Structure formats: C-alpha cells, structure tokens
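The next block holds one structure in the form of structure tokens; read it before the comments.
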Amino acid sequence: MLPMCHKRSGSLGFAVLLAGVLVVLAGCEQAHSTSCAVPPPDAGRIFEVIEVVDGDTVVLDDRSEVRMVGLQAPKLPLGRRGFEKWPLADEARDAAVQLLDGQRVVLWSGGADMDRHGRRLVQSYVLQPDGGHLWFQQEMLRLGLARVYSFPDNRACLDELLAAEAEARDAGLGMWALAAYRILAAEDEGQLGNREGSYELVQGRVREATLVRGRAYLNFGTNYRDDFTATIAPRDMKRFREAGIDPVAYEGRIVRVRGWLRNFNGPSIDVTHPEQIEVLE
C-alpha cells in the first residue's frame, strides 16, 4: 500500500509496491497529522544507516545497532541454528532496505532506550529530499510487513501504530493475507495449542474477569483449565491503574490480545501493559 495518498490493491506485487514508495512519499508527506508523524524537537543528531539486518533492525554509522521499537517484522534466522524463517521475512527486509539503506535518519525514544541485547530502542524518521520525514515504523505497518509489538517500558506512539496496522489488515496487505499471521479466535483451542511460543493476536469475548491475590485473569471460556486466558501479574497492575483501567471491567467485552502464547492451564498470554489489549466491543 502506498503511503497515504491513495490505496492500491493487495494483489500488487511487492516489487512494484516498494519501487513506488519513495516516489509517492514526495507527494503525500505529512498528508496525515499525528503526534508522532515527525520527530520531536529534542530528537537529537542525524545518523546514517549503513546496514539493514532485517525488517526491524539496522546498524548505524556509529556502529550501534537499532531495534525499531513499536513493531515486529517477520524474522530471518540470522545464523540461529534451528530457527525457521518466518513467512515474508525476505520481503520485510527488502522493504527496510528500500526505505533505510544509506539513508540519514533521526531517532527518538519515547521510553527505555536500550533492550537487553544492547540495541537502541527508537522511533526512526528518514530524512526526505524536501526536508520532510518518513516515519519508518508507521510505513512498515502500512505496508503490512510488520505488526505492532510494544514493550512495557517503551509505549510511545502506539495509538498511531495500531491504526496503521489496522489499515493494512483491513486491506489484506502483506502479513494479513497469510494464514500464518491471521488473528486467532479465542475459542479455537486447537490452533492456539499449536502456536505455543509464538507471538499472536487472539480475539474473543471475555467470559469472566477476576482478581486472585492481585493477579487479573481474563477467561475466554467456561473452563479456565483448558480455555484461552490472558493474565496480568500484580507487578504490572500499576500500569493499568495509571491508565484508569480496571481489568475486571473487561468482562463481557470483545477484545483483541497480543503477546507470546504459552500453555499453562490451557493457552494463555501474559499481559504487561494496557496496549496489549484492544477493546473492540
């Protein structure tokens, strides 16, 4: 999908799609207006991207490695033994190369600025010939070549990023055209059980929301030992309180939960911050 003057059919090939991205940007830069569309005044110095590792990781001219915060692109093995390449990983890297390789970027972090691997966690803005900026994270999501992925200590810009993801999903672009990345139904225990250890979006109605010794349990079925459950640990409840959210109020609502699936008394996702749960109805 070309950004954002008009929409293209999801049937267009990625080569054609990506070739037109930078050309169209000159005509529709800043056509939208969001708080994160441009870097803030305190964003800091300009860097050059000297290597694109994958769809959400690059190396800068100061040799630091950057993890593009707020999104997750399909993963390449990158030398990891036994790691199976995710569908569209090559396309996501190709898109990142088109947008970033050799380009000058301005970085900004809206929270923790380093991950446990020593990589910078930043929003990235590509300088354009007309003096404008291309917000890399938003563009990858609009192309359908990434999903929103947030950290509890770096949650800036997530409303805008979720909107960009929804735009691509509604158009059936990229990842959203593949069964491997489809939103899973909370009642589909078979599919959920087969996806243990993977990052997923799960949707359904919360049948019961309870607090037990400070931990919130959002149960999506009548048998908590087998059905899908989202849990919020006591240490993470503070973020919900700060956002004015009582997890018990999720009861009866249709929600979409994103996170890493694990099996413990049935499939479950550990939720650490409110943006992992979207209320749909």
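Starting from 1 in every chain, residues are counted up; chains themselves are A, B, ... following the order of the structure tokens, and ligands are numbered from 1 as listed.
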
Identify, on the basis of only C-alpha atoms, every residue whose closest approach to Gly144 (chain A) does not exceed 7 Å; exclude the query and any residue fewer than 3 positions from it along the same chain; express the result as a list in words. Met140, Leu141, Glu165, Ala168, Arg169, Leu173, Gly174, Met175 and Trp176 of chain A

DSSP on the backbone: what in region 84-279 of chain A comes out helix (DSSP H, G or I), as a short mmCIF file (atom, residue, chain, number, x, y, z; two decimals) with N, CA, C and O atoms, in the first residue's frame?
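Once written, selection_35.cif looks like this:
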```
data_model
loop_
_atom_site.label_atom_id
_atom_site.label_comp_id
_atom_site.auth_asym_id
_atom_site.auth_seq_id
_atom_site.Cartn_x
_atom_site.Cartn_y
_atom_site.Cartn_z
N ALA A 89 9.66 -12.76 5.59
CA ALA A 89 10.85 -12.16 6.21
C ALA A 89 11.74 -11.50 5.17
O ALA A 89 12.29 -10.41 5.40
N ASP A 90 11.91 -12.13 4.01
CA ASP A 90 12.74 -11.53 2.96
C ASP A 90 12.11 -10.25 2.43
O ASP A 90 12.79 -9.25 2.20
N GLU A 91 10.78 -10.28 2.24
CA GLU A 91 10.09 -9.09 1.75
C GLU A 91 10.18 -7.93 2.74
O GLU A 91 10.33 -6.76 2.34
N ALA A 92 10.08 -8.25 4.03
CA ALA A 92 10.19 -7.20 5.04
C ALA A 92 11.58 -6.59 5.04
O ALA A 92 11.74 -5.36 5.13
N ARG A 93 12.60 -7.43 4.92
CA ARG A 93 13.96 -6.88 4.87
C ARG A 93 14.14 -6.04 3.60
O ARG A 93 14.76 -4.97 3.65
N ASP A 94 13.63 -6.52 2.47
CA ASP A 94 13.75 -5.75 1.22
C ASP A 94 13.09 -4.38 1.36
O ASP A 94 13.61 -3.37 0.86
N ALA A 95 11.94 -4.34 2.02
CA ALA A 95 11.26 -3.06 2.22
C ALA A 95 12.10 -2.14 3.09
O ALA A 95 12.22 -0.93 2.81
N ALA A 96 12.69 -2.70 4.15
CA ALA A 96 13.53 -1.89 5.03
C ALA A 96 14.75 -1.37 4.29
O ALA A 96 15.19 -0.23 4.50
N VAL A 97 15.31 -2.19 3.40
CA VAL A 97 16.44 -1.74 2.59
C VAL A 97 16.03 -0.57 1.71
O VAL A 97 16.73 0.45 1.61
N GLN A 98 14.88 -0.70 1.05
CA GLN A 98 14.38 0.38 0.18
C GLN A 98 14.21 1.68 0.96
O GLN A 98 14.50 2.76 0.46
N LEU A 99 13.73 1.57 2.16
CA LEU A 99 13.40 2.76 2.94
C LEU A 99 14.58 3.34 3.70
O LEU A 99 14.63 4.55 3.94
N LEU A 100 15.56 2.49 4.09
CA LEU A 100 16.56 2.91 5.05
C LEU A 100 18.01 2.84 4.59
O LEU A 100 18.84 3.63 5.05
N PHE A 136 9.46 5.54 9.77
CA PHE A 136 9.71 4.18 9.29
C PHE A 136 8.72 3.19 9.89
O PHE A 136 8.15 2.34 9.17
N GLN A 137 8.52 3.22 11.19
CA GLN A 137 7.62 2.26 11.83
C GLN A 137 6.22 2.30 11.22
O GLN A 137 5.62 1.25 10.90
N GLN A 138 5.71 3.49 11.06
CA GLN A 138 4.36 3.62 10.51
C GLN A 138 4.30 3.07 9.08
O GLN A 138 3.34 2.39 8.70
N GLU A 139 5.34 3.32 8.30
CA GLU A 139 5.34 2.87 6.91
C GLU A 139 5.38 1.36 6.79
O GLU A 139 4.68 0.76 5.97
N MET A 140 6.19 0.70 7.61
CA MET A 140 6.25 -0.77 7.56
C MET A 140 4.91 -1.37 7.95
O MET A 140 4.46 -2.37 7.36
N LEU A 141 4.24 -0.78 8.92
CA LEU A 141 2.93 -1.28 9.32
C LEU A 141 1.91 -1.05 8.21
O LEU A 141 1.06 -1.91 7.94
N ARG A 142 1.96 0.09 7.55
CA ARG A 142 1.03 0.38 6.45
C ARG A 142 1.22 -0.57 5.28
O ARG A 142 0.26 -0.88 4.56
N LEU A 158 1.83 4.34 20.29
CA LEU A 158 1.16 3.08 19.97
C LEU A 158 -0.22 3.27 19.34
O LEU A 158 -0.65 2.45 18.53
N ASP A 159 -0.94 4.32 19.70
CA ASP A 159 -2.25 4.55 19.08
C ASP A 159 -2.11 4.71 17.57
O ASP A 159 -2.85 4.11 16.80
N GLU A 160 -1.12 5.51 17.16
CA GLU A 160 -0.91 5.72 15.72
C GLU A 160 -0.43 4.45 15.03
O GLU A 160 -0.82 4.14 13.90
N LEU A 161 0.44 3.70 15.72
CA LEU A 161 0.95 2.47 15.12
C LEU A 161 -0.14 1.41 15.00
O LEU A 161 -0.22 0.70 13.98
N LEU A 162 -1.01 1.31 15.99
CA LEU A 162 -2.13 0.36 15.91
C LEU A 162 -3.07 0.74 14.77
O LEU A 162 -3.60 -0.13 14.06
N ALA A 163 -3.25 2.05 14.55
CA ALA A 163 -4.10 2.50 13.45
C ALA A 163 -3.49 2.13 12.10
O ALA A 163 -4.20 1.71 11.18
N ALA A 164 -2.18 2.25 11.98
CA ALA A 164 -1.50 1.88 10.73
C ALA A 164 -1.60 0.38 10.49
O ALA A 164 -1.81 -0.07 9.35
N GLU A 165 -1.44 -0.41 11.54
CA GLU A 165 -1.58 -1.86 11.41
C GLU A 165 -2.99 -2.22 10.96
O GLU A 165 -3.17 -3.06 10.06
N ALA A 166 -4.00 -1.59 11.55
CA ALA A 166 -5.39 -1.89 11.20
C ALA A 166 -5.68 -1.54 9.75
O ALA A 166 -6.43 -2.26 9.07
N GLU A 167 -5.07 -0.48 9.27
CA GLU A 167 -5.26 -0.07 7.88
C GLU A 167 -4.79 -1.17 6.92
O GLU A 167 -5.48 -1.52 5.96
N ALA A 168 -3.60 -1.69 7.17
CA ALA A 168 -3.07 -2.77 6.33
C ALA A 168 -3.88 -4.04 6.48
O ALA A 168 -4.13 -4.76 5.50
N ARG A 169 -4.31 -4.33 7.69
CA ARG A 169 -5.10 -5.55 7.94
C ARG A 169 -6.43 -5.47 7.21
O ARG A 169 -6.87 -6.45 6.58
N ASP A 170 -7.08 -4.32 7.26
CA ASP A 170 -8.36 -4.17 6.58
C ASP A 170 -8.22 -4.32 5.07
O ASP A 170 -9.15 -4.79 4.39
N ALA A 171 -7.06 -3.93 4.54
CA ALA A 171 -6.81 -4.04 3.11
C ALA A 171 -6.24 -5.40 2.72
O ALA A 171 -6.06 -5.68 1.53
N GLY A 174 0.18 -7.75 2.74
CA GLY A 174 1.34 -8.38 3.34
C GLY A 174 1.02 -9.52 4.28
O GLY A 174 0.39 -10.51 3.90
N MET A 175 1.43 -9.38 5.53
CA MET A 175 1.24 -10.43 6.52
C MET A 175 -0.22 -10.80 6.68
O MET A 175 -0.55 -11.95 6.98
N TRP A 176 -1.12 -9.81 6.48
CA TRP A 176 -2.54 -10.04 6.74
C TRP A 176 -3.22 -10.83 5.65
O TRP A 176 -4.39 -11.20 5.78
N ALA A 177 -2.49 -11.14 4.58
CA ALA A 177 -3.03 -12.01 3.54
C ALA A 177 -2.66 -13.47 3.77
O ALA A 177 -3.11 -14.34 3.03
N ALA A 179 -2.29 -16.99 6.22
CA ALA A 179 -2.87 -17.69 7.36
C ALA A 179 -1.92 -17.70 8.56
O ALA A 179 -2.36 -17.72 9.71
N ALA A 180 -0.62 -17.66 8.30
CA ALA A 180 0.36 -17.73 9.39
C ALA A 180 0.23 -16.56 10.36
O ALA A 180 0.63 -16.67 11.53
N TYR A 181 -0.33 -15.45 9.89
CA TYR A 181 -0.42 -14.26 10.73
C TYR A 181 -1.86 -13.84 11.03
O TYR A 181 -2.09 -12.75 11.56
N GLU A 189 -9.17 -23.67 20.40
CA GLU A 189 -8.14 -24.24 21.26
C GLU A 189 -7.10 -25.01 20.46
O GLU A 189 -5.91 -25.03 20.82
N GLY A 190 -7.52 -25.65 19.38
CA GLY A 190 -6.59 -26.43 18.57
C GLY A 190 -5.50 -25.56 17.96
O GLY A 190 -4.30 -25.85 18.09
N GLN A 191 -5.91 -24.47 17.32
CA GLN A 191 -4.94 -23.56 16.72
C GLN A 191 -4.06 -22.92 17.77
O GLN A 191 -2.85 -22.78 17.60
N LEU A 192 -4.66 -22.50 18.86
CA LEU A 192 -3.89 -21.84 19.92
C LEU A 192 -2.85 -22.80 20.50
O LEU A 192 -1.70 -22.40 20.77
N GLY A 193 -3.24 -24.03 20.68
CA GLY A 193 -2.30 -25.01 21.22
C GLY A 193 -1.13 -25.28 20.30
O GLY A 193 -0.02 -25.57 20.76
N ASN A 194 -1.35 -25.13 19.00
CA ASN A 194 -0.29 -25.37 18.02
C ASN A 194 0.66 -24.19 17.87
O ASN A 194 1.70 -24.30 17.21
N PRO A 234 0.56 -9.10 39.33
CA PRO A 234 0.43 -7.98 40.29
C PRO A 234 1.41 -6.83 40.00
O PRO A 234 1.05 -5.66 40.12
N ARG A 235 2.64 -7.16 39.61
CA ARG A 235 3.64 -6.11 39.37
C ARG A 235 3.28 -5.23 38.17
O ARG A 235 3.79 -4.11 38.04
N ASP A 236 2.41 -5.75 37.29
CA ASP A 236 2.04 -5.00 36.10
C ASP A 236 0.71 -4.26 36.24
O ASP A 236 0.35 -3.46 35.37
N MET A 237 0.01 -4.51 37.34
CA MET A 237 -1.29 -3.87 37.52
C MET A 237 -1.17 -2.35 37.64
O MET A 237 -2.10 -1.61 37.30
N LYS A 238 -0.02 -1.85 38.09
CA LYS A 238 0.18 -0.41 38.25
C LYS A 238 -0.05 0.33 36.94
O LYS A 238 -0.63 1.42 36.92
N ARG A 239 0.41 -0.24 35.83
CA ARG A 239 0.25 0.43 34.53
C ARG A 239 -1.22 0.55 34.15
O ARG A 239 -1.63 1.53 33.53
N PHE A 240 -2.02 -0.44 34.52
CA PHE A 240 -3.45 -0.37 34.25
C PHE A 240 -4.11 0.68 35.13
O PHE A 240 -4.96 1.45 34.67
N ARG A 241 -3.71 0.73 36.39
CA ARG A 241 -4.27 1.74 37.29
C ARG A 241 -3.92 3.14 36.80
O ARG A 241 -4.76 4.05 36.82
N GLU A 242 -2.67 3.32 36.36
CA GLU A 242 -2.25 4.64 35.87
C GLU A 242 -3.04 5.05 34.63
O GLU A 242 -3.23 6.24 34.38
N PRO A 247 -9.07 -4.02 35.15
CA PRO A 247 -9.18 -5.20 34.30
C PRO A 247 -10.48 -5.98 34.46
O PRO A 247 -10.92 -6.65 33.51
N VAL A 248 -11.11 -5.89 35.62
CA VAL A 248 -12.38 -6.59 35.81
C VAL A 248 -13.44 -6.05 34.84
O VAL A 248 -14.36 -6.78 34.45
N ALA A 249 -13.28 -4.81 34.42
CA ALA A 249 -14.24 -4.20 33.50
C ALA A 249 -14.17 -4.79 32.09
O ALA A 249 -15.03 -4.52 31.26
N TYR A 250 -13.15 -5.60 31.82
CA TYR A 250 -13.09 -6.28 30.52
C TYR A 250 -14.15 -7.37 30.40
O TYR A 250 -14.44 -7.84 29.30
N PRO A 274 -1.41 -1.99 29.13
CA PRO A 274 -2.76 -1.90 28.57
C PRO A 274 -2.82 -1.99 27.05
O PRO A 274 -3.82 -2.48 26.50
N GLU A 275 -1.79 -1.53 26.35
CA GLU A 275 -1.86 -1.51 24.89
C GLU A 275 -1.86 -2.90 24.27
O GLU A 275 -2.11 -3.04 23.07
N GLN A 276 -1.60 -3.92 25.07
CA GLN A 276 -1.71 -5.28 24.55
C GLN A 276 -3.14 -5.75 24.39
O GLN A 276 -3.39 -6.79 23.78
#
```

Please provide the set of residues having any atom within 12 Å of Ser268 (chain A), restricted to only C-alpha atoms, with same-chain residues fewer than 5 positions apart removed, written as a PyMOL selection string. chain A and resi 186-187+189+192-193+195-202+217-221+224-232+257-263

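Taking only C-alpha atoms into account, Val59 (chain A) lies nearest to A:Gln103 out of the set A:Ser150, A:Thr272, A:Gln103, A:Asn265.
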
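For the atom pair formed by CA of Ala112 (chain A) and CA of Asn154 (chain A), the distance is 5.4 Å, given to one decimal.
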
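Comparing A:Trp108, A:Asp246, A:Arg213, A:Arg120 by their smallest distance to Pro39 (chain A), the closest is A:Trp108 (using only C-alpha atoms).
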